[in-house]
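Worksheet: the structure to be examined is printed underneath.
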Amino acid sequence: MSRLQITQHYARLLTRWPVDRIRPENTFHKLLRSRLAAAPSGSKDEIKEINAAYLLLDDAIAKRYPIPGNIMKPQSRPDHYIALEKALEEAPDRTWFDNFKTRIKGMVRMR
Amino acid sequence: MSTSTAASTVVRSLRHQLFRQHRQPRTSLRAIHTSQSRSATPDLPVFKAPKPITPPPPGPSSTQSKLIASLRDSPALRSTTEPYVAYGATEDLFKVCASTCNYTIETHPAPKNDKGEDVGQGTGWWFETRAAGGLELPVTFNIWAQVMFLHMYIITTRLRAFPKEHVRIWEQNLLDHFFYAAEDRMAMYHGMAAKGVRNKYLKDFWQQWRGTLLSYDEGLVKGDAVLAAALWRNIWQASEDANIAEISAVVAYLRQEIARMGRVTDAQVTAAAVSFGSPAEVAEPLGDTRSPWMAKAFTEGILAPLREEPKA
């Protein structure tokens with residue numbers, strides 16, 4: 001595969017890779033961008049890496065090894081992952097005061 | 001889990017724990033501190049093998065044991081007995097985690113890498129060279145801790161499936177065993193004789209553990225790409241030299257082990273009768289599967305990042 005095609009693949013991966021709003025300074029895009037700009041090095045198998053990246057984007061591994069229900073909906077707290085997803089979505093938009101309120105609320109636990 | 005099987009497991013674990021404590025003399029951290037320097041032959045106390053103890057007497061009669069079991073199962077007494085059971089079982093669970101990778105540092109002071117971290121000689125798939133089929137990660141304390149976190153995370157996802165009142169104690173004890181092992185390692189291999197210095201790093205590790213939990217949970221929920229990014233940040237320390245195919249091998253290993261853990265019963269977990277599969281078998285997770293995106297044509301919008309100015 002030519003250098004141009006490899007660069008185009010990395011560009012496509014950059015547009016498709018999910019954005020991480022919680023850790024903006026340390027995203028996977030940093031690695032993909034460094035590959036965009038990098039000169040080809042013989043030690044890397046670029047095609048294998050690009051293929052692996054596409055398979056990750058397609059959730060191929062999640063489909064091959066699905067997580068069983070007793071783990072995804074644990075008995076101790078069936079809504080653990082659902083509440084987590086919701087909190088992760090809201091986290092980057094929280095103001096300083098919202099964070100303060102959450103911290104205070106977390107100090108008191110009702111049985 | 002019915003009361004009688006829970007109780008018999010509890011009784012069996014307690015007895016097993018007591019028997020083990022008498023059987024194996026433990027070298028204590030104190031013994032390492034008493035020597036003046038590592039180069040002089042240390043004056044360690046000689047441990048004599050303890051006298052063999054007779055097996056414990058047979059348990060009480062069934063009505064008595066049922067009464068004891070029902071007392072132990074009550075909420076008031078659970079908090080007094082469960083931590084001891086959990087301590088013993090999570091110690092064995094942590095030993096299973098620790099068997100996946102290890103490292104030693106033979107020379108003192110230890111050789112250092114570019115970042116100033118101590119480098120040792122590692123064993124296990126995670127530290128083995130690529131020629132031997134391993135990942136060839138840098139053999140440092142932080143990487144060892146992250147590999148431990150990965151395996152502890154697999155067990156934690158399974159511990160969450162315990163009944164609600166048990167989860168917290170078991171999670172806490174598993175984490176405590178990591179702290180004991182980490183502190184031992186810091187004192188033994190990294191020359192941190194001062195407890196204050198070790199405590200500082202342990203507090204940092206607690207923060208790292210919480211962050212690791214969050215990022216892997218997020219990856220489980222949101223998919224492979226997010227999980228791969230989390231692993232890259234934690235185990236590869238966000239290095240730009242990381243190999244994406246290796247990251248995807250670890251994603252496959254993690255998902256496969258969590259799926260395997262889901263099929264293990266509560267009794268097996270409390271008896272620590274669990275094991276991790278061989279990561280080398282998952283090195284080619286999807287064989288030679290070629291993604292259809294490799295062959296798709298490129299559209300104009302895709303090429304926008306090529307024309308972007310690189311961010312400072």
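Letters for chains follow the order of the structure tokens (A, B, ...), residue numbers begin at 1 for each chain, and ligand numbers begin at 1 in the order shown.
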Q: Using only C-alpha atoms, determine which residues of chain A fall within 9 Å of chain B; present them as an MDAnalysis selection string.
A: chainID A and resid 7:9 11:18 20 26:28 30:36 44:45 47:62 64:78 81:82 84:85 88
Within 10 Å of Ala182 (chain B) using only C-alpha atoms, minus same-chain residues under 4 positions, as a PDB file with N, CA and C atoms, in the first residue's frame:
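Contents of the output file result.pdb:
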ATOM      1  N   PHE B 141       7.696  -0.247  37.513  1.00  0.00           N
ATOM      2  CA  PHE B 141       6.720  -0.418  38.587  1.00  0.00           C
ATOM      3  C   PHE B 141       5.337   0.013  38.119  1.00  0.00           C
ATOM      4  N   ASN B 142       5.275   1.145  37.419  1.00  0.00           N
ATOM      5  CA  ASN B 142       3.969   1.656  36.998  1.00  0.00           C
ATOM      6  C   ASN B 142       3.278   0.705  36.038  1.00  0.00           C
ATOM      7  N   TRP B 144       3.781  -2.542  35.827  1.00  0.00           N
ATOM      8  CA  TRP B 144       3.359  -3.707  36.604  1.00  0.00           C
ATOM      9  C   TRP B 144       2.046  -3.414  37.327  1.00  0.00           C
ATOM     10  N   ALA B 145       1.963  -2.212  37.918  1.00  0.00           N
ATOM     11  CA  ALA B 145       0.739  -1.848  38.633  1.00  0.00           C
ATOM     12  C   ALA B 145      -0.451  -1.802  37.681  1.00  0.00           C
ATOM     13  N   MET B 148      -1.600  -5.229  36.944  1.00  0.00           N
ATOM     14  CA  MET B 148      -2.352  -5.720  38.100  1.00  0.00           C
ATOM     15  C   MET B 148      -3.752  -5.134  38.109  1.00  0.00           C
ATOM     16  N   ASP B 176      -6.851  -3.714  48.880  1.00  0.00           N
ATOM     17  CA  ASP B 176      -5.866  -3.697  49.970  1.00  0.00           C
ATOM     18  C   ASP B 176      -4.720  -4.638  49.688  1.00  0.00           C
ATOM     19  N   HIS B 177      -5.004  -5.805  49.115  1.00  0.00           N
ATOM     20  CA  HIS B 177      -3.926  -6.743  48.803  1.00  0.00           C
ATOM     21  C   HIS B 177      -3.010  -6.183  47.738  1.00  0.00           C
ATOM     22  N   PHE B 178      -3.562  -5.435  46.797  1.00  0.00           N
ATOM     23  CA  PHE B 178      -2.677  -4.768  45.837  1.00  0.00           C
ATOM     24  C   PHE B 178      -1.762  -3.787  46.560  1.00  0.00           C
ATOM     25  N   MET B 186       7.942  -1.700  46.659  1.00  0.00           N
ATOM     26  CA  MET B 186       8.633  -0.416  46.791  1.00  0.00           C
ATOM     27  C   MET B 186       9.776  -0.534  47.786  1.00  0.00           C
ATOM     28  N   ALA B 187       9.536  -1.239  48.893  1.00  0.00           N
ATOM     29  CA  ALA B 187      10.582  -1.365  49.900  1.00  0.00           C
ATOM     30  C   ALA B 187      11.689  -2.297  49.425  1.00  0.00           C
ATOM     31  N   MET B 188      11.314  -3.399  48.742  1.00  0.00           N
ATOM     32  CA  MET B 188      12.293  -4.420  48.376  1.00  0.00           C
ATOM     33  C   MET B 188      13.137  -4.011  47.196  1.00  0.00           C
ATOM     34  N   ARG B 198       6.539   5.994  50.558  1.00  0.00           N
ATOM     35  CA  ARG B 198       5.688   4.920  50.039  1.00  0.00           C
ATOM     36  C   ARG B 198       4.219   5.323  50.099  1.00  0.00           C
ATOM     37  N   TYR B 201       3.141   7.450  47.190  1.00  0.00           N
ATOM     38  CA  TYR B 201       2.880   6.706  45.957  1.00  0.00           C
ATOM     39  C   TYR B 201       1.619   5.862  46.064  1.00  0.00           C
ATOM     40  N   LEU B 202       1.350   5.331  47.259  1.00  0.00           N
ATOM     41  CA  LEU B 202       0.138   4.525  47.418  1.00  0.00           C
ATOM     42  C   LEU B 202      -1.109   5.372  47.226  1.00  0.00           C
ATOM     43  N   PHE B 205      -1.592   5.752  43.708  1.00  0.00           N
ATOM     44  CA  PHE B 205      -2.130   4.540  43.103  1.00  0.00           C
ATOM     45  C   PHE B 205      -3.626   4.416  43.345  1.00  0.00           C
TER      46      PHE B 205
END
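The spacing separating CA of Leu150 (chain B) from CA of Arg23 (chain A) amounts to 19.9 Å.
In this comparison, which uses only C-alpha atoms, the residue of A:Glu46, A:Asp93, A:Ala87, A:Ala37 approaching Arg21 (chain A) most closely is A:Asp93.
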**Q.** Expected answer as a PyMOL selection string: alpha helix (DSSP H) residues in chain A
**A.** chain A and resi 3-16+28-37+46-57+60-64+69-72+80-90+96-107
